[in-house]
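> Handing you this structure, nothing more for now.
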Amino acid sequence: MISKEQIEHIAKLARIELAEKEKEKFAGDLSAILDYIDKLNKADTSEIEAIRQITGLENVVREDEAGSEEKDIKEKILSQAPSRKDDYFKVPKILD
Amino acid sequence: MIDLKDFTIESLRKSLTKKEFSCVEMAEDCLAKIKKENKQLNNFLEITDKLAISQAEKIDEKIARRERLEGLEGAPIALKDNLMVEGQRTTAGSKILKDYIAPYDATVVKKLKNSGAIILGKTNLDEFAMGSSTENSAFGVVKNPRDLTRVPGGSSGGSAAAVAANQCLGALGSDTGGSIREPAAFCGIFGFKPSYGMVSRYGLIAMASSLDQIGPFAKNAEDIKTIFNAIKGKDRMDSTSAEIAPPVRKSEFETLQIGVPREFFGEGIDKQVKEKVEKAINKFLELGYEIKEISLPYSEYALAAYYIIAPAEISANLARYDGIKYGYSASKSKNLLDYYCKTRANGLGDEVRRRIMLGTYVLSAGYRDAYYNKAQKVRAIIARDFKNIFSGKDKVDFILTPTTPAPAFKIGDKKDPLAMYLCDIYTVPANLAGLPAISVPCGEADGLPIGLQIIGPQFADDSVLNLAQTFEQLK
């Protein structure tokens, strides 16, 4: 069972504000899903290693150089920012 | 009015070449039909008139120059709205991206444009592709064209509905746990999830990156092949995309073996679905295929493993929606932390928040081993069991199952999240193992379509499509 305190902690880690009513609802939902997931405990996994990548890839590396992207891509991306100053993203104050 | 019901991609190309109508006329008719029907179906979020007409004009110019049309040229296509089309709104069905304009084309979109397809618009989906009914979209419920009181399946419900309603000849969706195959089954069409790595995901709005795959919907296997051939291939922008050697062709004289896993016909399956799928499988006997019962004992754990792995990846992938770089942002906040929390509380819907929190929980300190690592081990066993069944002395060439336990349900019927998750119980294993799988229509139950799922070995995508075509031609 997920308690009210636990759901508050999870929501904070996930950076999601929850209303009081929602806390109860999501705690109930998550508890039911975790109950179902618990059936995994019956699966014997003693002789296998956890999977890493399904097609067997290892790390894929490339040269660290700028791609040949179109020139105006920077403006297209920055123009999506809710708040910007020149070529920077503007964020709310972090320190008081 | 040109009725797409009468056409395949190939026959449309022929009619265009014979100048029975122009490509612009055809595109205009499609756009008009979509606009008219969208009031009822609600399956399009954006209609890309200008793009469609400009692409159609190019095809008409080609015809005027008496050049031969090939592949996808002139084919009207719809795209799930989690695929980026440069300069177009791309929302992923979420309020948090309601005004987001894609800065570049997804690789599959670039390939479709280059192959001469006509892009008609962006289709509705469960928010961030999380759902099995397309009821979770921030922009309203999509209806099943076969029965307007029922869901079209999800999360690519808008795309499936578009093909089923003959608004286009093909559509792209994305499939993380069944989001192409389940709606294809519910709408009575073909829906294909390629092997993990066959199609680049660059420009697909990510959900669970170790599972996500883009694939096509169409009314027949040939059209599925045409679209798949246009979008597949290694892409330097997606390092998980694979370089595939051409498959070894099987001798025509060898008897093909079909495996039927008993675990997929047990508890929870609708009686009519079971009967119709068994009947469909038996049709392969007439063709000289050998059919044998097999067992995939760990498949009963697949859904549970999926609901750890997928939410874990979701919680990481969706951390990017913080109201800073793009998308909706909270207007009033005390400080940065408060800004993040309010932005995500207001911008994200219930199912998305539920999965982010579930993922956060299973990855949090003290729980990671019990949940995430355990699930990754179960995933390894599921992948190994498939591999063993597809190789060795008693191997099978294909596995046949129902696509879903039941046909399309009524809108609003599944209010409990877990009941919704269970819709994907037969489709999730192929995602966990990275295998190609297609849903093919195989009859009806009380007028509602039923899907037969064909699963093949990793990267044997062409064989799966060939078998789907063989089945189609049997009818």
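Lettering and numbering for the structure tokens are positional, with chains as A, B, ... in the shown order, residues counted from 1 in each chain, and ligands counted from 1 in the shown order.
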What's the 12 Å shell around Asp44 in chain A, counting only C-alpha atoms, without same-chain residues fewer than 5 positions away, as an mmCIF file with N, CA and C atoms, in the first residue's frame?

```cif
data_model
loop_
_atom_site.group_PDB
_atom_site.id
_atom_site.type_symbol
_atom_site.label_atom_id
_atom_site.label_comp_id
_atom_site.auth_asym_id
_atom_site.auth_seq_id
_atom_site.Cartn_x
_atom_site.Cartn_y
_atom_site.Cartn_z
ATOM 1 N N LYS A 39 3.220 -9.819 -8.757
ATOM 2 C CA LYS A 39 3.237 -11.202 -9.248
ATOM 3 C C LYS A 39 4.618 -11.579 -9.794
ATOM 4 N N GLU A 49 20.860 -12.828 -16.161
ATOM 5 C CA GLU A 49 21.284 -11.456 -15.894
ATOM 6 C C GLU A 49 20.271 -10.492 -16.497
ATOM 7 N N PRO B 297 6.124 -19.773 -21.003
ATOM 8 C CA PRO B 297 5.660 -19.720 -19.616
ATOM 9 C C PRO B 297 5.830 -18.360 -18.935
ATOM 10 N N TYR B 298 6.820 -17.579 -19.363
ATOM 11 C CA TYR B 298 7.029 -16.284 -18.701
ATOM 12 C C TYR B 298 6.154 -15.172 -19.270
ATOM 13 N N TYR B 301 4.114 -12.970 -17.102
ATOM 14 C CA TYR B 301 4.748 -11.882 -16.339
ATOM 15 C C TYR B 301 5.056 -10.656 -17.198
ATOM 16 N N LYS B 374 14.506 -6.510 -11.252
ATOM 17 C CA LYS B 374 13.722 -7.744 -11.396
ATOM 18 C C LYS B 374 13.024 -7.770 -12.761
ATOM 19 N N ALA B 375 12.424 -6.644 -13.123
ATOM 20 C CA ALA B 375 11.704 -6.571 -14.398
ATOM 21 C C ALA B 375 12.649 -6.762 -15.585
ATOM 22 N N LYS B 377 15.270 -8.539 -15.595
ATOM 23 C CA LYS B 377 15.600 -9.975 -15.654
ATOM 24 C C LYS B 377 14.472 -10.753 -16.320
ATOM 25 N N VAL B 378 13.243 -10.431 -15.934
ATOM 26 C CA VAL B 378 12.092 -11.099 -16.561
ATOM 27 C C VAL B 378 12.077 -10.796 -18.058
ATOM 28 N N ALA B 380 14.646 -10.270 -19.902
ATOM 29 C CA ALA B 380 15.705 -11.094 -20.504
ATOM 30 C C ALA B 380 15.205 -12.526 -20.739
ATOM 31 N N ILE B 381 14.440 -13.056 -19.786
ATOM 32 C CA ILE B 381 13.919 -14.424 -19.945
ATOM 33 C C ILE B 381 12.892 -14.486 -21.081
ATOM 34 N N ILE B 382 12.023 -13.483 -21.129
ATOM 35 C CA ILE B 382 11.008 -13.457 -22.197
ATOM 36 C C ILE B 382 11.698 -13.414 -23.567
#
```
> With a cut-off of 8 Å, could you pull out the residues of chain A touching chain B and give me the nearest pair of atoms for each, distance in Å to one decimal, using only C-alpha atoms, ordered by chain and ascending number, as a tab-separated table?

```
residue	atom	partner	partner_atom	distance
A:Ile10	CA	B:Met357	CA	6.1
A:Ala11	CA	B:Met357	CA	6.3
A:Lys12	CA	B:Cys341	CA	7.7
A:Leu13	CA	B:Thr360	CA	7.2
A:Ala14	CA	B:Met357	CA	6.3
A:Arg15	CA	B:Cys341	CA	4.6
A:Ile16	CA	B:Cys341	CA	4.3
A:Glu17	CA	B:Cys341	CA	4.8
A:Leu18	CA	B:Ala345	CA	6.8
A:Phe26	CA	B:Arg354	CA	6.8
A:Asp29	CA	B:Pro417	CA	7.3
A:Leu30	CA	B:Leu358	CA	6.6
A:Ala32	CA	B:Leu418	CA	7.6
A:Ile33	CA	B:Leu418	CA	6.4
A:Tyr36	CA	B:Ala304	CA	6.8
A:Ile37	CA	B:Ala304	CA	4.7
A:Asp38	CA	B:Ala304	CA	7.8
A:Lys39	CA	B:Tyr301	CA	7.3
A:Leu40	CA	B:Tyr301	CA	6.2
A:Ala43	CA	B:Tyr301	CA	7.4
A:Thr45	CA	B:Lys377	CA	6.2
A:Ile48	CA	B:Lys377	CA	6.3
A:Glu49	CA	B:Lys377	CA	5.9
A:Ala50	CA	B:Lys377	CA	4.0
A:Ile51	CA	B:Ala380	CA	5.0
A:Arg52	CA	B:Gln376	CA	7.9
A:Gln53	CA	B:Ser210	CA	7.5
A:Ile54	CA	B:Gly434	CA	6.2
A:Thr55	CA	B:Tyr196	CA	7.4
A:Leu57	CA	B:Thr240	CA	7.5
A:Val60	CA	B:Ser239	CA	6.5
A:Ile73	CA	B:Pro103	CA	6.7
A:Lys76	CA	B:Pro103	CA	5.5
A:Ile77	CA	B:Pro103	CA	6.2
A:Leu78	CA	B:Lys325	CA	7.6
A:Gln80	CA	B:Tyr326	CA	4.9
A:Ala81	CA	B:Tyr326	CA	4.5
A:Pro82	CA	B:Tyr326	CA	6.0
A:Ser83	CA	B:Ile324	CA	7.2
A:Phe89	CA	B:Lys325	CA	6.7
A:Lys90	CA	B:Ile324	CA	7.3
A:Val91	CA	B:Ile324	CA	6.5
A:Pro92	CA	B:Leu336	CA	5.4
A:Lys93	CA	B:Asn335	CA	6.1
A:Ile94	CA	B:Leu336	CA	5.7
```
> I need the residues from that last selection saved to file as a tab-separated table (two decimals), in the first residue's frame (with N, CA and C atoms), if you can.

```tsv
chain	number	residue	atom	x	y	z
A	10	ILE	N	6.82	10.90	-3.51
A	10	ILE	CA	7.00	10.54	-4.93
A	10	ILE	C	6.67	11.74	-5.82
A	11	ALA	N	5.56	12.41	-5.50
A	11	ALA	CA	5.14	13.56	-6.31
A	11	ALA	C	6.19	14.66	-6.27
A	12	LYS	N	6.81	14.83	-5.12
A	12	LYS	CA	7.85	15.86	-5.02
A	12	LYS	C	9.07	15.48	-5.86
A	13	LEU	N	9.46	14.21	-5.78
A	13	LEU	CA	10.59	13.74	-6.60
A	13	LEU	C	10.29	13.91	-8.09
A	14	ALA	N	9.02	13.69	-8.46
A	14	ALA	CA	8.61	13.77	-9.87
A	14	ALA	C	8.27	15.20	-10.28
A	15	ARG	N	8.38	16.13	-9.34
A	15	ARG	CA	8.07	17.55	-9.61
A	15	ARG	C	6.64	17.72	-10.13
A	16	ILE	N	5.71	17.13	-9.39
A	16	ILE	CA	4.29	17.28	-9.74
A	16	ILE	C	3.54	17.70	-8.49
A	17	GLU	N	2.84	18.83	-8.57
A	17	GLU	CA	2.02	19.26	-7.44
A	17	GLU	C	0.70	18.49	-7.46
A	18	LEU	N	0.29	17.99	-6.30
A	18	LEU	CA	-0.99	17.27	-6.23
A	18	LEU	C	-1.94	17.98	-5.26
A	26	PHE	N	-4.40	8.96	-6.43
A	26	PHE	CA	-3.18	8.38	-7.00
A	26	PHE	C	-2.56	7.32	-6.07
A	29	ASP	N	-4.58	4.28	-6.87
A	29	ASP	CA	-4.24	3.74	-8.20
A	29	ASP	C	-2.90	3.02	-8.17
A	30	LEU	N	-1.89	3.69	-7.62
A	30	LEU	CA	-0.54	3.11	-7.59
A	30	LEU	C	-0.51	1.82	-6.76
A	32	ALA	N	-2.92	-0.33	-6.38
A	32	ALA	CA	-3.54	-1.41	-7.16
A	32	ALA	C	-2.58	-1.91	-8.23
A	33	ILE	N	-1.89	-1.00	-8.89
A	33	ILE	CA	-0.95	-1.39	-9.95
A	33	ILE	C	0.23	-2.17	-9.34
A	36	TYR	N	-0.60	-5.71	-8.60
A	36	TYR	CA	-0.53	-6.55	-9.81
A	36	TYR	C	0.93	-6.87	-10.15
A	37	ILE	N	1.77	-5.85	-10.08
A	37	ILE	CA	3.18	-6.01	-10.43
A	37	ILE	C	3.88	-7.01	-9.51
A	38	ASP	N	3.38	-7.11	-8.29
A	38	ASP	CA	4.00	-8.01	-7.31
A	38	ASP	C	4.03	-9.47	-7.75
A	39	LYS	N	3.22	-9.82	-8.76
A	39	LYS	CA	3.24	-11.20	-9.25
A	39	LYS	C	4.62	-11.58	-9.79
A	40	LEU	N	5.42	-10.56	-10.12
A	40	LEU	CA	6.78	-10.82	-10.61
A	40	LEU	C	7.62	-11.60	-9.60
A	43	ALA	N	8.17	-15.13	-10.33
A	43	ALA	CA	9.00	-15.52	-11.47
A	43	ALA	C	10.42	-15.83	-11.01
A	45	THR	N	14.08	-15.89	-11.43
A	45	THR	CA	15.05	-15.19	-12.28
A	45	THR	C	16.47	-15.42	-11.78
A	48	ILE	N	19.53	-15.74	-14.53
A	48	ILE	CA	19.66	-14.85	-15.69
A	48	ILE	C	20.15	-13.48	-15.26
A	49	GLU	N	20.86	-12.83	-16.16
A	49	GLU	CA	21.28	-11.46	-15.89
A	49	GLU	C	20.27	-10.49	-16.50
A	50	ALA	N	20.14	-9.34	-15.87
A	50	ALA	CA	19.21	-8.32	-16.38
A	50	ALA	C	19.63	-7.93	-17.80
A	51	ILE	N	18.61	-7.66	-18.61
A	51	ILE	CA	18.88	-7.33	-20.01
A	51	ILE	C	19.46	-5.91	-20.10
A	52	ARG	N	20.33	-5.71	-21.06
A	52	ARG	CA	20.88	-4.36	-21.23
A	52	ARG	C	20.24	-3.69	-22.44
A	53	GLN	N	20.38	-4.28	-23.61
A	53	GLN	CA	19.83	-3.66	-24.81
A	53	GLN	C	19.36	-4.79	-25.72
A	54	ILE	N	18.17	-4.65	-26.27
A	54	ILE	CA	17.50	-5.78	-26.90
A	54	ILE	C	18.13	-6.20	-28.22
A	55	THR	N	18.81	-5.28	-28.93
A	55	THR	CA	19.47	-5.71	-30.18
A	55	THR	C	20.96	-5.93	-29.95
A	57	LEU	N	23.25	-3.87	-28.68
A	57	LEU	CA	24.17	-2.75	-28.89
A	57	LEU	C	24.99	-2.47	-27.64
A	60	VAL	N	27.33	3.47	-28.37
A	60	VAL	CA	27.52	3.94	-29.74
A	60	VAL	C	28.12	5.34	-29.64
A	73	ILE	N	18.02	26.71	-37.25
A	73	ILE	CA	17.47	25.78	-36.26
A	73	ILE	C	17.53	26.37	-34.85
A	76	LYS	N	14.58	28.57	-34.37
A	76	LYS	CA	13.35	27.76	-34.31
A	76	LYS	C	13.18	27.13	-32.93
A	77	ILE	N	14.29	26.72	-32.34
A	77	ILE	CA	14.22	26.08	-31.04
A	77	ILE	C	14.00	27.12	-29.94
A	78	LEU	N	14.77	28.21	-29.99
A	78	LEU	CA	14.64	29.22	-28.94
A	78	LEU	C	13.27	29.90	-28.97
A	80	GLN	N	10.53	28.67	-29.16
A	80	GLN	CA	9.54	27.88	-28.44
A	80	GLN	C	9.57	28.14	-26.93
A	81	ALA	N	10.59	28.84	-26.46
A	81	ALA	CA	10.76	29.03	-25.02
A	81	ALA	C	9.65	29.91	-24.46
A	82	PRO	N	9.05	29.50	-23.33
A	82	PRO	CA	8.03	30.34	-22.70
A	82	PRO	C	8.60	31.72	-22.34
A	83	SER	N	9.89	31.74	-21.98
A	83	SER	CA	10.49	33.00	-21.59
A	83	SER	C	11.97	32.99	-22.00
A	89	PHE	N	17.59	30.88	-22.43
A	89	PHE	CA	16.31	30.56	-21.78
A	89	PHE	C	16.28	31.31	-20.46
A	90	LYS	N	15.14	31.90	-20.15
A	90	LYS	CA	15.02	32.62	-18.89
A	90	LYS	C	14.30	31.73	-17.88
A	91	VAL	N	14.85	31.60	-16.68
A	91	VAL	CA	14.21	30.76	-15.66
A	91	VAL	C	13.87	31.59	-14.43
A	92	PRO	N	12.88	31.13	-13.66
A	92	PRO	CA	12.56	31.84	-12.42
A	92	PRO	C	13.76	31.84	-11.47
A	93	LYS	N	13.74	32.79	-10.54
A	93	LYS	CA	14.85	32.94	-9.59
A	93	LYS	C	15.05	31.65	-8.78
A	94	ILE	N	16.30	31.24	-8.64
A	94	ILE	CA	16.59	30.03	-7.88
A	94	ILE	C	16.97	30.36	-6.44
```
> So which residues of range 166-246 of chain B fall under strand (DSSP E) by DSSP, listed as a list in words?
Gly170, Ala171, Leu172, Gly173, Ser174, Asp175, Phe190, Gly191, Phe192, Lys193, Gln213, Ile214, Gly215, Pro216, Phe217 and Ala218 of chain B
> Could you turn the residues from that selection into a file that holds N, CA and C atoms, as a short mmCIF file (atom, residue, chain, number, x, y, z; two decimals), in the first residue's frame?

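Writing done, so here's selection00.cif:
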```
data_model
loop_
_atom_site.label_atom_id
_atom_site.label_comp_id
_atom_site.auth_asym_id
_atom_site.auth_seq_id
_atom_site.Cartn_x
_atom_site.Cartn_y
_atom_site.Cartn_z
N GLY B 170 -2.95 5.20 -45.87
CA GLY B 170 -2.03 4.68 -44.87
C GLY B 170 -1.82 5.71 -43.78
N ALA B 171 -1.27 5.23 -42.66
CA ALA B 171 -0.99 6.16 -41.57
C ALA B 171 0.17 5.59 -40.76
N LEU B 172 0.87 6.50 -40.09
CA LEU B 172 1.91 6.03 -39.16
C LEU B 172 1.41 6.16 -37.74
N GLY B 173 1.84 5.19 -36.93
CA GLY B 173 1.59 5.24 -35.50
C GLY B 173 2.87 4.90 -34.79
N SER B 174 2.80 4.81 -33.46
CA SER B 174 3.95 4.32 -32.70
C SER B 174 3.43 3.26 -31.74
N ASP B 175 4.28 2.28 -31.44
CA ASP B 175 3.86 1.11 -30.67
C ASP B 175 4.89 0.84 -29.59
N PHE B 190 -4.97 -3.45 -40.93
CA PHE B 190 -3.64 -4.00 -40.67
C PHE B 190 -2.80 -2.96 -39.91
N GLY B 191 -2.07 -3.42 -38.92
CA GLY B 191 -1.17 -2.52 -38.18
C GLY B 191 0.10 -3.26 -37.82
N PHE B 192 1.25 -2.71 -38.19
CA PHE B 192 2.53 -3.42 -38.08
C PHE B 192 3.52 -2.70 -37.16
N LYS B 193 4.01 -3.45 -36.16
CA LYS B 193 5.13 -2.96 -35.35
C LYS B 193 6.40 -3.65 -35.81
N GLN B 213 8.55 2.00 -31.04
CA GLN B 213 8.85 1.74 -32.45
C GLN B 213 7.75 2.36 -33.30
N ILE B 214 8.15 2.95 -34.44
CA ILE B 214 7.18 3.54 -35.37
C ILE B 214 6.79 2.48 -36.39
N GLY B 215 5.53 2.49 -36.83
CA GLY B 215 5.11 1.54 -37.86
C GLY B 215 3.85 2.00 -38.57
N PRO B 216 3.50 1.28 -39.66
CA PRO B 216 2.37 1.69 -40.50
C PRO B 216 1.03 1.00 -40.22
N PHE B 217 -0.03 1.70 -40.60
CA PHE B 217 -1.40 1.15 -40.70
C PHE B 217 -1.80 1.17 -42.17
N ALA B 218 -2.55 0.19 -42.60
CA ALA B 218 -3.12 0.22 -43.96
C ALA B 218 -4.27 -0.78 -44.03
#
```
> Might you pull out every residue within 8 Å of Ala27 in chain A, with only C-alpha atoms counted and same-chain residues fewer than 2 positions away left off, and present them as JSON, numbers by chain?
{"A": [1, 2, 3, 4, 7, 23, 24, 25, 29, 30, 31]}
> Mind listing the alpha helix (DSSP H) residues of chain A, per DSSP on the backbone, as a compact mmCIF listing (two decimals) with N, CA and C atoms, in the first residue's frame?

```
# COMPACT_ATOMS: atom_id res chain seq x y z
N LYS A 4 -0.25 8.16 2.16
CA LYS A 4 -0.35 9.55 1.75
C LYS A 4 1.03 10.22 1.78
N GLU A 5 1.82 9.87 2.82
CA GLU A 5 3.16 10.44 2.94
C GLU A 5 4.03 10.00 1.76
N GLN A 6 3.91 8.70 1.40
CA GLN A 6 4.71 8.19 0.28
C GLN A 6 4.35 8.89 -1.04
N ILE A 7 3.06 9.06 -1.27
CA ILE A 7 2.65 9.69 -2.54
C ILE A 7 3.14 11.14 -2.57
N GLU A 8 3.13 11.81 -1.42
CA GLU A 8 3.64 13.18 -1.38
C GLU A 8 5.13 13.21 -1.72
N HIS A 9 5.86 12.24 -1.19
CA HIS A 9 7.30 12.16 -1.45
C HIS A 9 7.57 11.87 -2.94
N ILE A 10 6.82 10.90 -3.51
CA ILE A 10 7.00 10.54 -4.93
C ILE A 10 6.67 11.74 -5.82
N ALA A 11 5.56 12.41 -5.50
CA ALA A 11 5.14 13.56 -6.31
C ALA A 11 6.19 14.66 -6.27
N LYS A 12 6.81 14.83 -5.12
CA LYS A 12 7.85 15.86 -5.02
C LYS A 12 9.07 15.48 -5.86
N LEU A 13 9.46 14.21 -5.78
CA LEU A 13 10.59 13.74 -6.60
C LEU A 13 10.29 13.91 -8.09
N GLU A 20 -5.10 17.83 -2.57
CA GLU A 20 -5.38 16.83 -1.51
C GLU A 20 -6.17 15.63 -2.04
N LYS A 21 -7.21 15.92 -2.81
CA LYS A 21 -8.07 14.84 -3.35
C LYS A 21 -7.28 13.90 -4.25
N GLU A 22 -6.38 14.50 -5.03
CA GLU A 22 -5.58 13.70 -5.98
C GLU A 22 -4.64 12.75 -5.25
N LYS A 23 -4.13 13.18 -4.10
CA LYS A 23 -3.21 12.33 -3.34
C LYS A 23 -3.85 11.00 -3.01
N GLU A 24 -5.08 11.07 -2.57
CA GLU A 24 -5.81 9.86 -2.21
C GLU A 24 -6.02 8.97 -3.44
N LYS A 25 -6.45 9.62 -4.53
CA LYS A 25 -6.74 8.89 -5.76
C LYS A 25 -5.48 8.20 -6.30
N PHE A 26 -4.40 8.96 -6.43
CA PHE A 26 -3.18 8.38 -7.00
C PHE A 26 -2.56 7.32 -6.07
N ALA A 27 -2.67 7.53 -4.77
CA ALA A 27 -2.15 6.51 -3.83
C ALA A 27 -2.90 5.20 -4.04
N GLY A 28 -4.23 5.29 -4.24
CA GLY A 28 -5.05 4.10 -4.48
C GLY A 28 -4.70 3.44 -5.81
N ASP A 29 -4.58 4.28 -6.87
CA ASP A 29 -4.24 3.74 -8.20
C ASP A 29 -2.90 3.02 -8.17
N LEU A 30 -1.89 3.69 -7.62
CA LEU A 30 -0.54 3.11 -7.59
C LEU A 30 -0.51 1.82 -6.76
N SER A 31 -1.25 1.81 -5.67
CA SER A 31 -1.30 0.60 -4.83
C SER A 31 -1.85 -0.58 -5.62
N ALA A 32 -2.92 -0.33 -6.38
CA ALA A 32 -3.54 -1.41 -7.16
C ALA A 32 -2.58 -1.91 -8.23
N ILE A 33 -1.89 -1.00 -8.89
CA ILE A 33 -0.95 -1.39 -9.95
C ILE A 33 0.23 -2.17 -9.34
N LEU A 34 0.72 -1.69 -8.21
CA LEU A 34 1.85 -2.38 -7.56
C LEU A 34 1.45 -3.77 -7.07
N ASP A 35 0.19 -3.91 -6.64
CA ASP A 35 -0.32 -5.23 -6.26
C ASP A 35 -0.21 -6.21 -7.43
N TYR A 36 -0.60 -5.71 -8.60
CA TYR A 36 -0.53 -6.55 -9.81
C TYR A 36 0.93 -6.87 -10.15
N ILE A 37 1.77 -5.85 -10.08
CA ILE A 37 3.18 -6.01 -10.43
C ILE A 37 3.88 -7.01 -9.51
N ILE A 73 18.02 26.71 -37.25
CA ILE A 73 17.47 25.78 -36.26
C ILE A 73 17.53 26.37 -34.85
N LYS A 74 18.58 27.15 -34.57
CA LYS A 74 18.72 27.74 -33.24
C LYS A 74 17.52 28.65 -32.93
N GLU A 75 17.16 29.47 -33.89
CA GLU A 75 16.05 30.38 -33.67
C GLU A 75 14.73 29.61 -33.56
N LYS A 76 14.58 28.57 -34.37
CA LYS A 76 13.35 27.76 -34.31
C LYS A 76 13.18 27.13 -32.93
N ILE A 77 14.29 26.72 -32.34
CA ILE A 77 14.22 26.08 -31.04
C ILE A 77 14.00 27.12 -29.94
N LEU A 78 14.77 28.21 -29.99
CA LEU A 78 14.64 29.22 -28.94
C LEU A 78 13.27 29.90 -28.97
```
> Excluding Cys30 in chain B and its own-chain neighbours fewer than 6 positions away, which residues fall within 12 Å of it when counting only C-alpha atoms? Please give them as an mmCIF file with C-alpha atoms, in the first residue's frame.

```cif
data_model
loop_
_atom_site.group_PDB
_atom_site.id
_atom_site.type_symbol
_atom_site.label_atom_id
_atom_site.label_comp_id
_atom_site.auth_asym_id
_atom_site.auth_seq_id
_atom_site.Cartn_x
_atom_site.Cartn_y
_atom_site.Cartn_z
ATOM 1 C CA MET B 1 -15.816 12.734 -54.849
ATOM 2 C CA ILE B 2 -13.000 10.181 -55.024
ATOM 3 C CA ASP B 3 -13.694 7.318 -52.637
ATOM 4 C CA LEU B 4 -10.472 5.810 -51.243
ATOM 5 C CA LYS B 5 -12.432 2.720 -50.288
ATOM 6 C CA CYS B 23 -3.460 14.285 -57.413
ATOM 7 C CA VAL B 24 -4.576 17.740 -56.238
ATOM 8 C CA LYS B 36 -16.443 16.898 -42.454
ATOM 9 C CA GLU B 37 -15.970 13.684 -40.474
ATOM 10 C CA ASN B 38 -13.713 15.127 -37.816
ATOM 11 C CA ILE B 47 -5.098 19.181 -41.038
ATOM 12 C CA THR B 48 -2.043 20.094 -43.104
ATOM 13 C CA ASP B 49 -3.834 21.535 -46.184
ATOM 14 C CA ALA B 52 -0.733 18.244 -48.803
ATOM 15 C CA ILE B 53 -1.628 20.424 -51.774
ATOM 16 C CA ALA B 56 0.140 16.832 -54.667
ATOM 17 C CA ALA B 75 -0.477 8.098 -51.564
ATOM 18 C CA PRO B 76 -2.471 10.078 -48.972
ATOM 19 C CA ILE B 77 -1.009 9.460 -45.502
ATOM 20 C CA ALA B 78 -1.845 10.586 -41.946
ATOM 21 C CA ILE B 118 0.797 13.272 -49.501
ATOM 22 C CA ILE B 119 0.699 14.208 -45.813
ATOM 23 C CA LEU B 120 -2.891 15.087 -44.904
ATOM 24 C CA GLY B 121 -2.599 15.831 -41.204
ATOM 25 C CA ALA B 162 -8.362 7.486 -40.360
ATOM 26 C CA VAL B 163 -7.437 4.374 -42.345
ATOM 27 C CA ALA B 165 -12.772 5.460 -42.353
ATOM 28 C CA ASN B 166 -11.006 5.666 -45.758
ATOM 29 C CA GLN B 167 -9.767 9.185 -45.054
ATOM 30 C CA CYS B 168 -6.303 8.119 -46.227
ATOM 31 C CA LEU B 169 -4.633 4.975 -47.590
#
```
> So how many Å separate CA of Ser11 in chain B and CA of Leu474 in chain B, to one decimal?
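Taking CA of Ser11 in chain B and CA of Leu474 in chain B, their separation equals 20.7 Å.
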